[in-house]
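J.: The structure follows.
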Amino acid sequence: MYKLTFSPASPYVRKVLLSAYRVGIEDQMKLVTTDTQDDNLLRSQNPLGKIPVLQKPDGSFLFDSRVIIDYFNRLGGRLIPKDGPERDLVLSRSALAEGLIDASLLVVYSDRYSGGEIPSKVWLDLQMGKIDKTLDFLEKDLINWSNPSGFDAANIGLGTALGYISFRNVQDWKKGRPILQKWFDEVASSLPGFSKTMPVA
């Protein structure tokens, strides 16, 4: 049995959970919320205090989401090609999706951790610019992506990123991007575990 320390709102956790569904080990996952775990215990597993953290059956710990997904891939494949140009492509696209999540989180955190001060407009504009440019790029580039029914790590990452942007109301990413919206709708309706892993505030 695996133990996953998680938060139901975390997009990084959702990527891991969706990857577990893809590999077929979702029923072997015991979820441990950060609310029920002492912070010192979490930091003994990952000194950064960040989630997700996966405890393997042998008692060892893995973090962060990219490392856990790579581990799942070695268990059951399907997420990241073994080698060649296809591997490079999936990893690069996964990094793009990760960057979308990172920038979106920074927008959310700029307000949440502002200490009552007005968040820096320069900072917000920088993050929103990254998000807008990436979404515009994807609107044109998605035609080159494999059918989302393949559900590799890149598809899972992008589906998670778009879902998180909507969940936190970072922006209306669907406006003016019909190709991206159609792609997301297909992922939402057919990616195993997508509805079960919807983020919760």
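Chain labels follow the order of the structure tokens: the first chain is A, the next B, and so on; residue numbering restarts at 1 in every chain, and ligands are counted from 1 in their shown order.
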With only C-alpha atoms as the counted atoms, please give the residues lying no more than 10 Å from segment 101-106 of chain A, apart from itself and same-chain residues fewer than 6 positions off, as number ranges by chain.
T.: A: 10-12, 95, 112-113, 123-124, 126-131, 157-158, 160-165, 168-171
J.: Report as JSON, numbers by chain all protein, DNA and RNA residues lying within 8 Å of segment 80-86 of chain A, evaluated on only C-alpha atoms, omitting residues in the same chain fewer than 5 positions from it.
T.: {"A": [70, 73, 91, 152, 153]}
J.: Only N, CA, C and O atoms, please: the residues just picked out, written as a short mmCIF file (atom, residue, chain, number, x, y, z; two decimals), in the first residue's frame.
T.:
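Written out: selection_16.cif:
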```cif
data_model
loop_
_atom_site.label_atom_id
_atom_site.label_comp_id
_atom_site.auth_asym_id
_atom_site.auth_seq_id
_atom_site.Cartn_x
_atom_site.Cartn_y
_atom_site.Cartn_z
N ASP A 70 7.40 9.91 -12.42
CA ASP A 70 8.44 9.10 -13.06
C ASP A 70 8.48 7.71 -12.44
O ASP A 70 8.64 6.70 -13.15
N ASN A 73 5.62 5.74 -13.71
CA ASN A 73 5.89 5.34 -15.09
C ASN A 73 6.74 4.08 -15.14
O ASN A 73 6.53 3.19 -15.99
N LEU A 91 8.29 15.15 -22.08
CA LEU A 91 8.89 15.84 -20.93
C LEU A 91 8.86 17.36 -21.10
O LEU A 91 8.61 18.09 -20.14
N ASP A 152 -0.75 10.69 -21.72
CA ASP A 152 0.60 10.62 -21.18
C ASP A 152 0.75 11.70 -20.11
O ASP A 152 -0.21 12.41 -19.78
N ALA A 153 1.94 11.83 -19.56
CA ALA A 153 2.17 12.78 -18.46
C ALA A 153 1.89 14.22 -18.89
O ALA A 153 1.44 15.04 -18.08
#
```
J.: Which one of A:Tyr71, A:Tyr2, A:Trp145, A:Tyr21 sits closest to Leu180 of chain A if you count only C-alpha atoms?
T.: A:Trp145
J.: Can you list, as a list in words, every residue of segment 23-181 of chain A that DSSP puts in strand (DSSP E or B)?
T.: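 Answer for segment 23-181 of chain A restricted to strand (DSSP E or B) is Met29, Lys30, Leu31, Val32, Thr33, Val53, Leu54, Gln55, Phe61 and Leu62 of chain A.
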J.: Near Asp141 of chain A, counting only C-alpha atoms, which residues have an atom at most 12 Å away, once you skip same-chain residues fewer than 3 positions from it, shown as a count of residues only?
T.: 14
J.: Residues near Pro119 of chain A, anyone? I mean within 7 Å using only C-alpha atoms, not counting same-chain ones fewer than 3 positions away, as JSON, numbers by chain.
T.: {"A": [110, 111, 114]}
J.: Please compute the atom CA of Leu89 of chain A-atom CA of Glu139 of chain A distance, one decimal, in Å.
T.: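 Spanning atom CA of Leu89 of chain A to atom CA of Glu139 of chain A is a straight-line distance of 17.1 Å.
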J.: Atom CA of Arg66 of chain A to atom CA of Gln28 of chain A: how many Å, to one decimal?
T.: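 Atom-to-atom, atom CA of Arg66 of chain A and atom CA of Gln28 of chain A are spaced 19.2 Å apart.
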J.: Using DSSP secondary structure from the backbone, list all helix (DSSP H, G or I) positions within segment 20-63 of chain A, as an mmCIF file with N, CA, C and O atoms, in the first residue's frame.
T.:
```
data_model
loop_
_atom_site.group_PDB
_atom_site.id
_atom_site.type_symbol
_atom_site.label_atom_id
_atom_site.label_comp_id
_atom_site.auth_asym_id
_atom_site.auth_seq_id
_atom_site.Cartn_x
_atom_site.Cartn_y
_atom_site.Cartn_z
ATOM 1 N N ALA A 20 -1.709 7.911 -11.140
ATOM 2 C CA ALA A 20 -1.981 6.623 -10.493
ATOM 3 C C ALA A 20 -3.158 5.925 -11.174
ATOM 4 O O ALA A 20 -3.133 4.703 -11.395
ATOM 5 N N TYR A 21 -4.184 6.684 -11.525
ATOM 6 C CA TYR A 21 -5.310 6.118 -12.271
ATOM 7 C C TYR A 21 -4.835 5.567 -13.609
ATOM 8 O O TYR A 21 -5.261 4.493 -14.040
ATOM 9 N N ARG A 22 -4.003 6.323 -14.275
ATOM 10 C CA ARG A 22 -3.525 5.913 -15.604
ATOM 11 C C ARG A 22 -2.734 4.613 -15.536
ATOM 12 O O ARG A 22 -2.862 3.741 -16.387
ATOM 13 N N VAL A 23 -1.920 4.477 -14.497
ATOM 14 C CA VAL A 23 -1.104 3.275 -14.343
ATOM 15 C C VAL A 23 -1.933 2.121 -13.773
ATOM 16 O O VAL A 23 -1.589 0.952 -13.948
ATOM 17 N N GLU A 26 -4.548 3.213 -8.494
ATOM 18 C CA GLU A 26 -5.266 4.151 -7.638
ATOM 19 C C GLU A 26 -5.868 3.479 -6.412
ATOM 20 O O GLU A 26 -6.012 4.101 -5.354
ATOM 21 N N ASP A 27 -6.195 2.179 -6.535
ATOM 22 C CA ASP A 27 -6.796 1.476 -5.393
ATOM 23 C C ASP A 27 -5.751 1.047 -4.367
ATOM 24 O O ASP A 27 -6.096 0.496 -3.316
ATOM 25 N N GLN A 28 -4.478 1.324 -4.663
ATOM 26 C CA GLN A 28 -3.405 0.996 -3.724
ATOM 27 C C GLN A 28 -2.913 2.233 -2.976
ATOM 28 O O GLN A 28 -1.898 2.186 -2.290
ATOM 29 N N THR A 34 -2.884 16.805 4.866
ATOM 30 C CA THR A 34 -1.961 17.605 5.681
ATOM 31 C C THR A 34 -2.657 18.103 6.943
ATOM 32 O O THR A 34 -2.001 18.402 7.939
ATOM 33 N N ASP A 35 -3.987 18.175 6.926
ATOM 34 C CA ASP A 35 -4.734 18.631 8.107
ATOM 35 C C ASP A 35 -4.629 17.656 9.273
ATOM 36 O O ASP A 35 -4.757 18.046 10.432
ATOM 37 N N THR A 36 -4.421 16.387 8.949
ATOM 38 C CA THR A 36 -4.367 15.367 9.995
ATOM 39 C C THR A 36 -2.938 14.963 10.327
ATOM 40 O O THR A 36 -2.723 14.031 11.089
ATOM 41 N N ASP A 39 3.064 19.038 11.170
ATOM 42 C CA ASP A 39 3.980 19.654 10.209
ATOM 43 C C ASP A 39 5.389 19.100 10.342
ATOM 44 O O ASP A 39 6.105 18.944 9.348
ATOM 45 N N ASN A 40 5.804 18.791 11.567
ATOM 46 C CA ASN A 40 7.145 18.236 11.764
ATOM 47 C C ASN A 40 7.285 16.869 11.107
ATOM 48 O O ASN A 40 8.362 16.517 10.607
ATOM 49 N N LEU A 41 6.186 16.106 11.091
ATOM 50 C CA LEU A 41 6.218 14.812 10.434
ATOM 51 C C LEU A 41 6.369 14.980 8.937
ATOM 52 O O LEU A 41 7.167 14.280 8.293
ATOM 53 N N LEU A 42 5.617 15.935 8.362
ATOM 54 C CA LEU A 42 5.748 16.204 6.929
ATOM 55 C C LEU A 42 7.170 16.620 6.584
ATOM 56 O O LEU A 42 7.751 16.147 5.606
ATOM 57 N N ARG A 43 7.765 17.466 7.420
ATOM 58 C CA ARG A 43 9.115 17.942 7.128
ATOM 59 C C ARG A 43 10.175 16.865 7.363
ATOM 60 O O ARG A 43 11.280 16.964 6.844
ATOM 61 N N SER A 44 9.825 15.846 8.122
ATOM 62 C CA SER A 44 10.753 14.727 8.253
ATOM 63 C C SER A 44 10.737 13.868 6.983
ATOM 64 O O SER A 44 11.699 13.147 6.703
ATOM 65 N N GLN A 45 9.645 13.973 6.220
ATOM 66 C CA GLN A 45 9.535 13.249 4.957
ATOM 67 C C GLN A 45 10.094 14.075 3.806
ATOM 68 O O GLN A 45 10.743 13.553 2.907
#
```
J.: What is the atom CA of Lys140 of chain A-atom CA of Ala154 of chain A distance in Å, reported with one decimal?
T.: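 Interatomic distance here is 16.2 Å.
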J.: Measuring between only C-alpha atoms, which one of A:Val122, A:Leu18, A:Met1, A:Val200 shows the shortest distance to Lys56 of chain A?
T.: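 Looking only at the distances to Lys56 of chain A, the closest residue turns out to be A:Met1.
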